[in-house]
Amino acid sequence: MSFPEAGGPEGRASPVPLPAALRDPAGRAGAGWVAAGALTNLGINAAFFGPLQVLLAQQSQAFDPAHKEAVLALATGFGAAVSLVANPVAGALSDRTTSRLGRRGPWVLGGTVLAFTALLLLAGAPGVAAMVLAWCLVQAGCNAAYAAVTAAVPDQVPAAQRGQVGGLAAMGQTVGIVLGAVLAALAGGFVLGYIYCAVFLLACALPFVFRGRGSPLDPADRPPFRWAAFLKSFYVSPRRHPDFGWAWLTRFLVNLGNSLFTLYLFYFLQDEVGVAEPAKGVLVLTGIYAAMVVATALVGGSWSDRAGRRKPFVVASSVTIAAPSTIAALVPTWPGALVAAAVLGAGVGMFLAVDFALLTQVLPSALDRGKDLGVINIANSLPQVLAPLLAAPIVLHLGGYRTLFGVAAV
């Protein structure tokens, strides 16, 4: 896909001048703004993946050792269901926000405060029900903040810079995943782990709230609110916007395979591979994965900017992402896990940087960027709902981890 020509919403010619808040950015985004966005991504992902990779598994095992897989699937499944709604709704409401902090800043701040509070509630959860509820609130807050900071990119970054910014965002996301695992491992237990993640999230998100505001939306430029039109807007016709539809489907399939691969990684290392300290094993694998993501995200994003094309990079990276599941299925050993982590990181780094840039170029409307990117993010969240439903019966009744990884590869 070549870059669209500048002019109207998402680069298409427009006969009517757009309000300042909706115009395509004319100049390159500054280093300070890009750094604040990457830092926010880092904090959100640390707060999200620290619990998802280690802390929720430890807490589920503490509450019910005999049924830990089912408890973990319950928490992650309900949390992902919340994210299915929270991300697009927060994105859509941020499109209509007229605050002095811009359209996105209030949602980054509000989502961060909600997730911070919910992580502290998780630390003191007395049982499974409280754990599930608190994790759902974490999902709601993190997704609201993520929807807003993601929508700020097409607001303030020109198309020819988005591969580079996508690479930096992927780096922030990946380093956040690593730091989440580090915080979880260093805490020595899930209580302190949740507290560390909460404080880190708040510290990372605040700079963007005050630096990444962008042009405020004038209330006169905001369309009148009608419930029927608001709800109907979440359906983006793949017939009218085929590039958007294909991009959504690609991201959904990649994330479904990835979610099946990573959901039970802690238990796979503990029960199948025989790692004595699975939390540290997750940390080592995550570090290898992260190093490869950072390398390929920065190179791939800038390379696609120079080439002016996105699709070949997305196709190649998608195929690469399928390989680690095959490796884990055929070689369920610690060396096999190390190789799988490296290959997965190489594929994911390229995919995150370039696919994000591609997505920002196929959005149907400048007025609905937050909502449309929220719809895209359903392709991130829906696999998290489906993965526990598919993975739990496979692991428990249909052949165990080798079958699970084989399904993930397919």
# chains A, B, ... in the order shown; residues from 1 in each chain; ligands from 1

$ select_by_dssp --residues "segment 185-255 of chain A" --states "helix (DSSP H, G or I)" --output "PyMOL selection string"
chain A and resi 185-187+190-211+219-221+227-232+242-255

$ residues_around --residues "Ala169 of chain A" --least-positions-apart "2" --cutoff "10 Å" --atoms "only C-alpha atoms" --output "VMD selection string"
chain A and resid 34 to 35 37 to 42 150 153 162 to 167 171 to 175 294 297 to 298 352 to 353 356

$ write_last_selection --atoms "C-alpha atoms" --output "PDB file, in the first residue's frame"
ATOM      1  CA  VAL A  34       6.773  10.916  20.615  1.00  0.00           C
ATOM      2  CA  ALA A  35       8.690  10.097  23.800  1.00  0.00           C
ATOM      3  CA  GLY A  37       3.475   8.601  23.880  1.00  0.00           C
ATOM      4  CA  ALA A  38       6.000   5.767  23.984  1.00  0.00           C
ATOM      5  CA  LEU A  39       6.345   6.179  27.769  1.00  0.00           C
ATOM      6  CA  THR A  40       2.578   5.949  28.197  1.00  0.00           C
ATOM      7  CA  ASN A  41       2.534   2.766  26.107  1.00  0.00           C
ATOM      8  CA  LEU A  42       5.304   1.403  28.311  1.00  0.00           C
ATOM      9  CA  THR A 150      -3.420   5.357  20.101  1.00  0.00           C
ATOM     10  CA  VAL A 153      -1.083   9.261  16.654  1.00  0.00           C
ATOM     11  CA  ARG A 162       3.938   6.663  11.342  1.00  0.00           C
ATOM     12  CA  GLY A 163       6.130   3.642  10.665  1.00  0.00           C
ATOM     13  CA  GLN A 164       8.855   5.166  12.827  1.00  0.00           C
ATOM     14  CA  VAL A 165       6.373   6.184  15.538  1.00  0.00           C
ATOM     15  CA  GLY A 166       4.732   2.765  15.319  1.00  0.00           C
ATOM     16  CA  GLY A 167       8.145   1.195  15.867  1.00  0.00           C
ATOM     17  CA  MET A 171       9.266  -0.679  21.586  1.00  0.00           C
ATOM     18  CA  GLY A 172       7.439   1.026  24.457  1.00  0.00           C
ATOM     19  CA  GLN A 173       4.865  -1.752  24.463  1.00  0.00           C
ATOM     20  CA  THR A 174       7.502  -4.466  24.472  1.00  0.00           C
ATOM     21  CA  VAL A 175       9.736  -2.896  27.077  1.00  0.00           C
ATOM     22  CA  VAL A 294      12.879  -3.735  19.653  1.00  0.00           C
ATOM     23  CA  ALA A 297      10.263  -2.803  15.198  1.00  0.00           C
ATOM     24  CA  LEU A 298      12.676   0.091  14.821  1.00  0.00           C
ATOM     25  CA  LEU A 352       3.438  -4.141  15.497  1.00  0.00           C
ATOM     26  CA  ALA A 353       5.328  -1.290  13.854  1.00  0.00           C
ATOM     27  CA  PHE A 356      -0.074   0.010  13.190  1.00  0.00           C
TER      28      PHE A 356
END

$ closest_atom_pairs --of "segment 202-269 of chain A" --to "segment 387-399 of chain A" --cutoff "8 Å" --atoms "only C-alpha atoms" --output "CSV"
residue,atom,partner,partner_atom,distance
A:Leu256,CA,A:Ala387,CA,6.7
A:Ser259,CA,A:Ala387,CA,6.0
A:Leu260,CA,A:Ala387,CA,5.3
A:Leu263,CA,A:Ala387,CA,7.5

$ closest_residue --among "A:Ala328, A:Ala147, A:Met131, A:Ala220" --to "Asp95 of chain A" --atoms "only C-alpha atoms"
A:Ala147

$ atom_distance --atom1 "atom CA of Thr333 of chain A" --atom2 "atom CA of Ile321 of chain A"
19.0 Å

$ atom_distance --atom1 "atom CA of Leu119 of chain A" --atom2 "atom CA of Gly43 of chain A"
13.0 Å

$ closest_residue --among "A:Gln161, A:Thr97, A:Gln270, A:Gln384" --to "Ala31 of chain A" --atoms "only C-alpha atoms"
A:Gln161

$ closest_atom_pairs --of "segment 48-149 of chain A" --to "segment 371-383 of chain A" --cutoff "9 Å" --atoms "only C-alpha atoms" --output "tab-separated table"
residue	atom	partner	partner_atom	distance
A:Ala80	CA	A:Ser381	CA	5.6
A:Ala81	CA	A:Leu382	CA	7.2
A:Val82	CA	A:Ser381	CA	8.8
A:Ser83	CA	A:Ser381	CA	6.0
A:Leu84	CA	A:Ile378	CA	5.4
A:Val85	CA	A:Ile378	CA	8.2
A:Ala86	CA	A:Gly374	CA	8.5
A:Asn87	CA	A:Gly374	CA	5.1
A:Pro88	CA	A:Gly374	CA	3.6
A:Val89	CA	A:Lys371	CA	6.8
A:Ala90	CA	A:Lys371	CA	7.6
A:Gly91	CA	A:Lys371	CA	4.5
A:Ala92	CA	A:Lys371	CA	4.0
A:Leu93	CA	A:Lys371	CA	7.7
A:Ser94	CA	A:Lys371	CA	8.1
A:Asp95	CA	A:Lys371	CA	7.0
A:Ala147	CA	A:Gly374	CA	6.0
A:Ala148	CA	A:Gly374	CA	9.0

$ residues_around --residues "segment 133-137 of chain A" --least-positions-apart "2" --cutoff "9 Å" --atoms "only C-alpha atoms" --output "PyMOL selection string"
chain A and resi 51+56+75-76+78-83+114-115+117-122+125+128-131+139-142

$ residues_around --residues "Gly50 of chain A" --least-positions-apart "2" --cutoff "9 Å" --atoms "only C-alpha atoms" --output "list of chain:residue names"
A:Asn45, A:Ala46, A:Ala47, A:Phe48, A:Leu52, A:Gln53, A:Val54, A:Leu55, A:Leu56, A:Gly176, A:Ile177, A:Val178, A:Leu179, A:Gly180, A:Ala181, A:Val182, A:Leu183, A:Ala184, A:Ala185, A:Gly193, A:Tyr194, A:Cys197

$ closest_atom_pairs --of "segment 242-276 of chain A" --to "segment 339-349 of chain A" --cutoff "12 Å" --atoms "only C-alpha atoms" --output "tab-separated table"
residue	atom	partner	partner_atom	distance
A:Arg251	CA	A:Val348	CA	11.2
A:Val254	CA	A:Val348	CA	9.3
A:Asn255	CA	A:Val348	CA	10.0
A:Gly257	CA	A:Leu344	CA	11.2
A:Asn258	CA	A:Leu344	CA	8.9
A:Phe261	CA	A:Leu344	CA	10.1
A:Thr262	CA	A:Ala341	CA	10.4
A:Leu265	CA	A:Ala341	CA	11.1

$ write_last_selection --atoms "N, CA and C atoms" --output "mmCIF file, in the first residue's frame"
data_model
loop_
_atom_site.group_PDB
_atom_site.id
_atom_site.type_symbol
_atom_site.label_atom_id
_atom_site.label_comp_id
_atom_site.auth_asym_id
_atom_site.auth_seq_id
_atom_site.Cartn_x
_atom_site.Cartn_y
_atom_site.Cartn_z
ATOM 1 N N ARG A 251 -5.123 -8.637 11.904
ATOM 2 C CA ARG A 251 -4.734 -8.426 13.308
ATOM 3 C C ARG A 251 -5.440 -9.426 14.224
ATOM 4 N N VAL A 254 -3.703 -12.962 13.873
ATOM 5 C CA VAL A 254 -2.370 -12.952 14.488
ATOM 6 C C VAL A 254 -2.488 -12.952 16.009
ATOM 7 N N ASN A 255 -3.390 -12.139 16.535
ATOM 8 C CA ASN A 255 -3.534 -12.054 17.986
ATOM 9 C C ASN A 255 -4.178 -13.294 18.588
ATOM 10 N N GLY A 257 -3.715 -16.433 17.497
ATOM 11 C CA GLY A 257 -2.625 -17.395 17.614
ATOM 12 C C GLY A 257 -1.662 -17.038 18.732
ATOM 13 N N ASN A 258 -1.368 -15.747 18.864
ATOM 14 C CA ASN A 258 -0.454 -15.296 19.904
ATOM 15 C C ASN A 258 -1.045 -15.507 21.297
ATOM 16 N N PHE A 261 -0.841 -19.041 22.340
ATOM 17 C CA PHE A 261 0.545 -19.413 22.648
ATOM 18 C C PHE A 261 0.970 -18.937 24.034
ATOM 19 N N THR A 262 0.538 -17.730 24.435
ATOM 20 C CA THR A 262 1.066 -17.123 25.661
ATOM 21 C C THR A 262 0.194 -17.322 26.894
ATOM 22 N N LEU A 265 1.642 -19.871 29.353
ATOM 23 C CA LEU A 265 3.098 -19.984 29.315
ATOM 24 C C LEU A 265 3.678 -20.293 30.691
#

$ residues_around --residues "Phe225 of chain A" --least-positions-apart "2" --cutoff "12 Å" --atoms "only C-alpha atoms" --output "list of chain:residue names"
A:Ala92, A:Leu93, A:Asp95, A:Arg96, A:Thr97, A:Pro219, A:Arg222, A:Pro223, A:Trp227, A:Ala228, A:Ala229, A:Phe230, A:Leu231, A:Ser233

$ residues_around --residues "Val314 of chain A" --least-positions-apart "5" --cutoff "7 Å" --atoms "only C-alpha atoms" --output "PyMOL selection string"
chain A and resi 351+354-355

$ closest_residue --among "A:Gly370, A:Leu285, A:Thr326, A:Gly245" --to "Trp107 of chain A" --atoms "only C-alpha atoms"
A:Gly370

$ atom_distance --atom1 "atom CA of Gly281 of chain A" --atom2 "atom CA of Gly406 of chain A"
21.7 Å

$ decode --residues "segment 347-361 of chain A" --atoms "all heavy atoms" --output "mmCIF file, in the first residue's frame"
data_model
loop_
_atom_site.group_PDB
_atom_site.id
_atom_site.type_symbol
_atom_site.label_atom_id
_atom_site.label_comp_id
_atom_site.auth_asym_id
_atom_site.auth_seq_id
_atom_site.Cartn_x
_atom_site.Cartn_y
_atom_site.Cartn_z
ATOM 1 N N GLY A 347 9.142 -11.625 14.650
ATOM 2 C CA GLY A 347 7.924 -11.429 13.876
ATOM 3 C C GLY A 347 7.028 -10.351 14.442
ATOM 4 O O GLY A 347 6.500 -9.496 13.712
ATOM 5 N N VAL A 348 6.862 -10.350 15.758
ATOM 6 C CA VAL A 348 5.953 -9.392 16.393
ATOM 7 C C VAL A 348 6.469 -7.968 16.261
ATOM 8 O O VAL A 348 5.688 -7.026 16.051
ATOM 9 C CB VAL A 348 5.735 -9.763 17.876
ATOM 10 C CG1 VAL A 348 5.044 -8.626 18.625
ATOM 11 C CG2 VAL A 348 4.910 -11.036 17.989
ATOM 12 N N GLY A 349 7.780 -7.758 16.384
ATOM 13 C CA GLY A 349 8.324 -6.414 16.259
ATOM 14 C C GLY A 349 7.996 -5.783 14.917
ATOM 15 O O GLY A 349 7.511 -4.644 14.850
ATOM 16 N N MET A 350 8.239 -6.516 13.852
ATOM 17 C CA MET A 350 7.922 -6.021 12.520
ATOM 18 C C MET A 350 6.422 -5.788 12.378
ATOM 19 O O MET A 350 5.971 -4.768 11.856
ATOM 20 C CB MET A 350 8.399 -7.023 11.469
ATOM 21 C CG MET A 350 8.114 -6.632 10.042
ATOM 22 S SD MET A 350 9.297 -5.437 9.397
ATOM 23 C CE MET A 350 10.752 -6.464 9.240
ATOM 24 N N PHE A 351 5.627 -6.739 12.873
ATOM 25 C CA PHE A 351 4.176 -6.646 12.719
ATOM 26 C C PHE A 351 3.608 -5.430 13.445
ATOM 27 O O PHE A 351 2.816 -4.673 12.880
ATOM 28 C CB PHE A 351 3.518 -7.922 13.241
ATOM 29 C CG PHE A 351 2.014 -7.927 13.083
ATOM 30 C CD1 PHE A 351 1.432 -8.299 11.889
ATOM 31 C CD2 PHE A 351 1.193 -7.548 14.131
ATOM 32 C CE1 PHE A 351 0.052 -8.301 11.734
ATOM 33 C CE2 PHE A 351 -0.177 -7.540 13.991
ATOM 34 C CZ PHE A 351 -0.757 -7.919 12.792
ATOM 35 N N LEU A 352 3.999 -5.230 14.708
ATOM 36 C CA LEU A 352 3.438 -4.141 15.497
ATOM 37 C C LEU A 352 3.726 -2.780 14.868
ATOM 38 O O LEU A 352 2.845 -1.911 14.804
ATOM 39 C CB LEU A 352 3.993 -4.183 16.919
ATOM 40 C CG LEU A 352 3.496 -5.312 17.817
ATOM 41 C CD1 LEU A 352 4.207 -5.270 19.162
ATOM 42 C CD2 LEU A 352 1.980 -5.241 18.008
ATOM 43 N N ALA A 353 4.955 -2.588 14.418
ATOM 44 C CA ALA A 353 5.328 -1.290 13.854
ATOM 45 C C ALA A 353 4.603 -1.017 12.547
ATOM 46 O O ALA A 353 3.997 0.045 12.368
ATOM 47 C CB ALA A 353 6.838 -1.231 13.642
ATOM 48 N N VAL A 354 4.645 -1.963 11.641
ATOM 49 C CA VAL A 354 4.150 -1.711 10.292
ATOM 50 C C VAL A 354 2.633 -1.825 10.230
ATOM 51 O O VAL A 354 1.966 -1.027 9.564
ATOM 52 C CB VAL A 354 4.822 -2.668 9.286
ATOM 53 C CG1 VAL A 354 4.335 -2.383 7.883
ATOM 54 C CG2 VAL A 354 6.335 -2.515 9.357
ATOM 55 N N ASP A 355 2.065 -2.805 10.926
ATOM 56 C CA ASP A 355 0.612 -2.950 10.898
ATOM 57 C C ASP A 355 -0.066 -1.740 11.524
ATOM 58 O O ASP A 355 -1.104 -1.287 11.044
ATOM 59 C CB ASP A 355 0.203 -4.228 11.637
ATOM 60 C CG ASP A 355 -1.279 -4.518 11.500
ATOM 61 O OD1 ASP A 355 -1.733 -4.725 10.355
ATOM 62 O OD2 ASP A 355 -1.984 -4.541 12.532
ATOM 63 N N PHE A 356 0.516 -1.184 12.588
ATOM 64 C CA PHE A 356 -0.074 0.010 13.190
ATOM 65 C C PHE A 356 -0.069 1.173 12.195
ATOM 66 O O PHE A 356 -1.065 1.890 12.058
ATOM 67 C CB PHE A 356 0.697 0.394 14.451
ATOM 68 C CG PHE A 356 0.203 1.662 15.082
ATOM 69 C CD1 PHE A 356 -0.978 1.672 15.802
ATOM 70 C CD2 PHE A 356 0.896 2.852 14.926
ATOM 71 C CE1 PHE A 356 -1.455 2.846 16.377
ATOM 72 C CE2 PHE A 356 0.439 4.025 15.491
ATOM 73 C CZ PHE A 356 -0.746 4.023 16.222
ATOM 74 N N ALA A 357 1.051 1.370 11.504
ATOM 75 C CA ALA A 357 1.110 2.442 10.511
ATOM 76 C C ALA A 357 0.078 2.213 9.408
ATOM 77 O O ALA A 357 -0.601 3.148 8.966
ATOM 78 C CB ALA A 357 2.511 2.523 9.919
ATOM 79 N N LEU A 358 -0.061 0.970 8.965
ATOM 80 C CA LEU A 358 -1.048 0.648 7.932
ATOM 81 C C LEU A 358 -2.461 0.966 8.409
ATOM 82 O O LEU A 358 -3.270 1.555 7.683
ATOM 83 C CB LEU A 358 -0.927 -0.822 7.542
ATOM 84 C CG LEU A 358 -1.813 -1.320 6.391
ATOM 85 C CD1 LEU A 358 -1.113 -2.441 5.636
ATOM 86 C CD2 LEU A 358 -3.159 -1.839 6.907
ATOM 87 N N LEU A 359 -2.764 0.587 9.653
ATOM 88 C CA LEU A 359 -4.108 0.802 10.179
ATOM 89 C C LEU A 359 -4.476 2.277 10.204
ATOM 90 O O LEU A 359 -5.614 2.647 9.901
ATOM 91 C CB LEU A 359 -4.213 0.222 11.597
ATOM 92 C CG LEU A 359 -4.178 -1.297 11.697
ATOM 93 C CD1 LEU A 359 -4.059 -1.733 13.149
ATOM 94 C CD2 LEU A 359 -5.411 -1.905 11.062
ATOM 95 N N THR A 360 -3.523 3.137 10.585
ATOM 96 C CA THR A 360 -3.841 4.565 10.640
ATOM 97 C C THR A 360 -4.109 5.151 9.263
ATOM 98 O O THR A 360 -4.692 6.233 9.157
ATOM 99 C CB THR A 360 -2.698 5.358 11.305
ATOM 100 O OG1 THR A 360 -1.510 5.276 10.499
ATOM 101 C CG2 THR A 360 -2.411 4.833 12.710
ATOM 102 N N GLN A 361 -3.697 4.440 8.221
ATOM 103 C CA GLN A 361 -3.896 4.931 6.854
ATOM 104 C C GLN A 361 -5.157 4.390 6.195
ATOM 105 O O GLN A 361 -5.478 4.792 5.068
ATOM 106 C CB GLN A 361 -2.679 4.582 5.997
ATOM 107 C CG GLN A 361 -1.425 5.347 6.406
ATOM 108 C CD GLN A 361 -0.185 4.829 5.702
ATOM 109 O OE1 GLN A 361 0.824 4.546 6.330
ATOM 110 N NE2 GLN A 361 -0.261 4.710 4.387
#
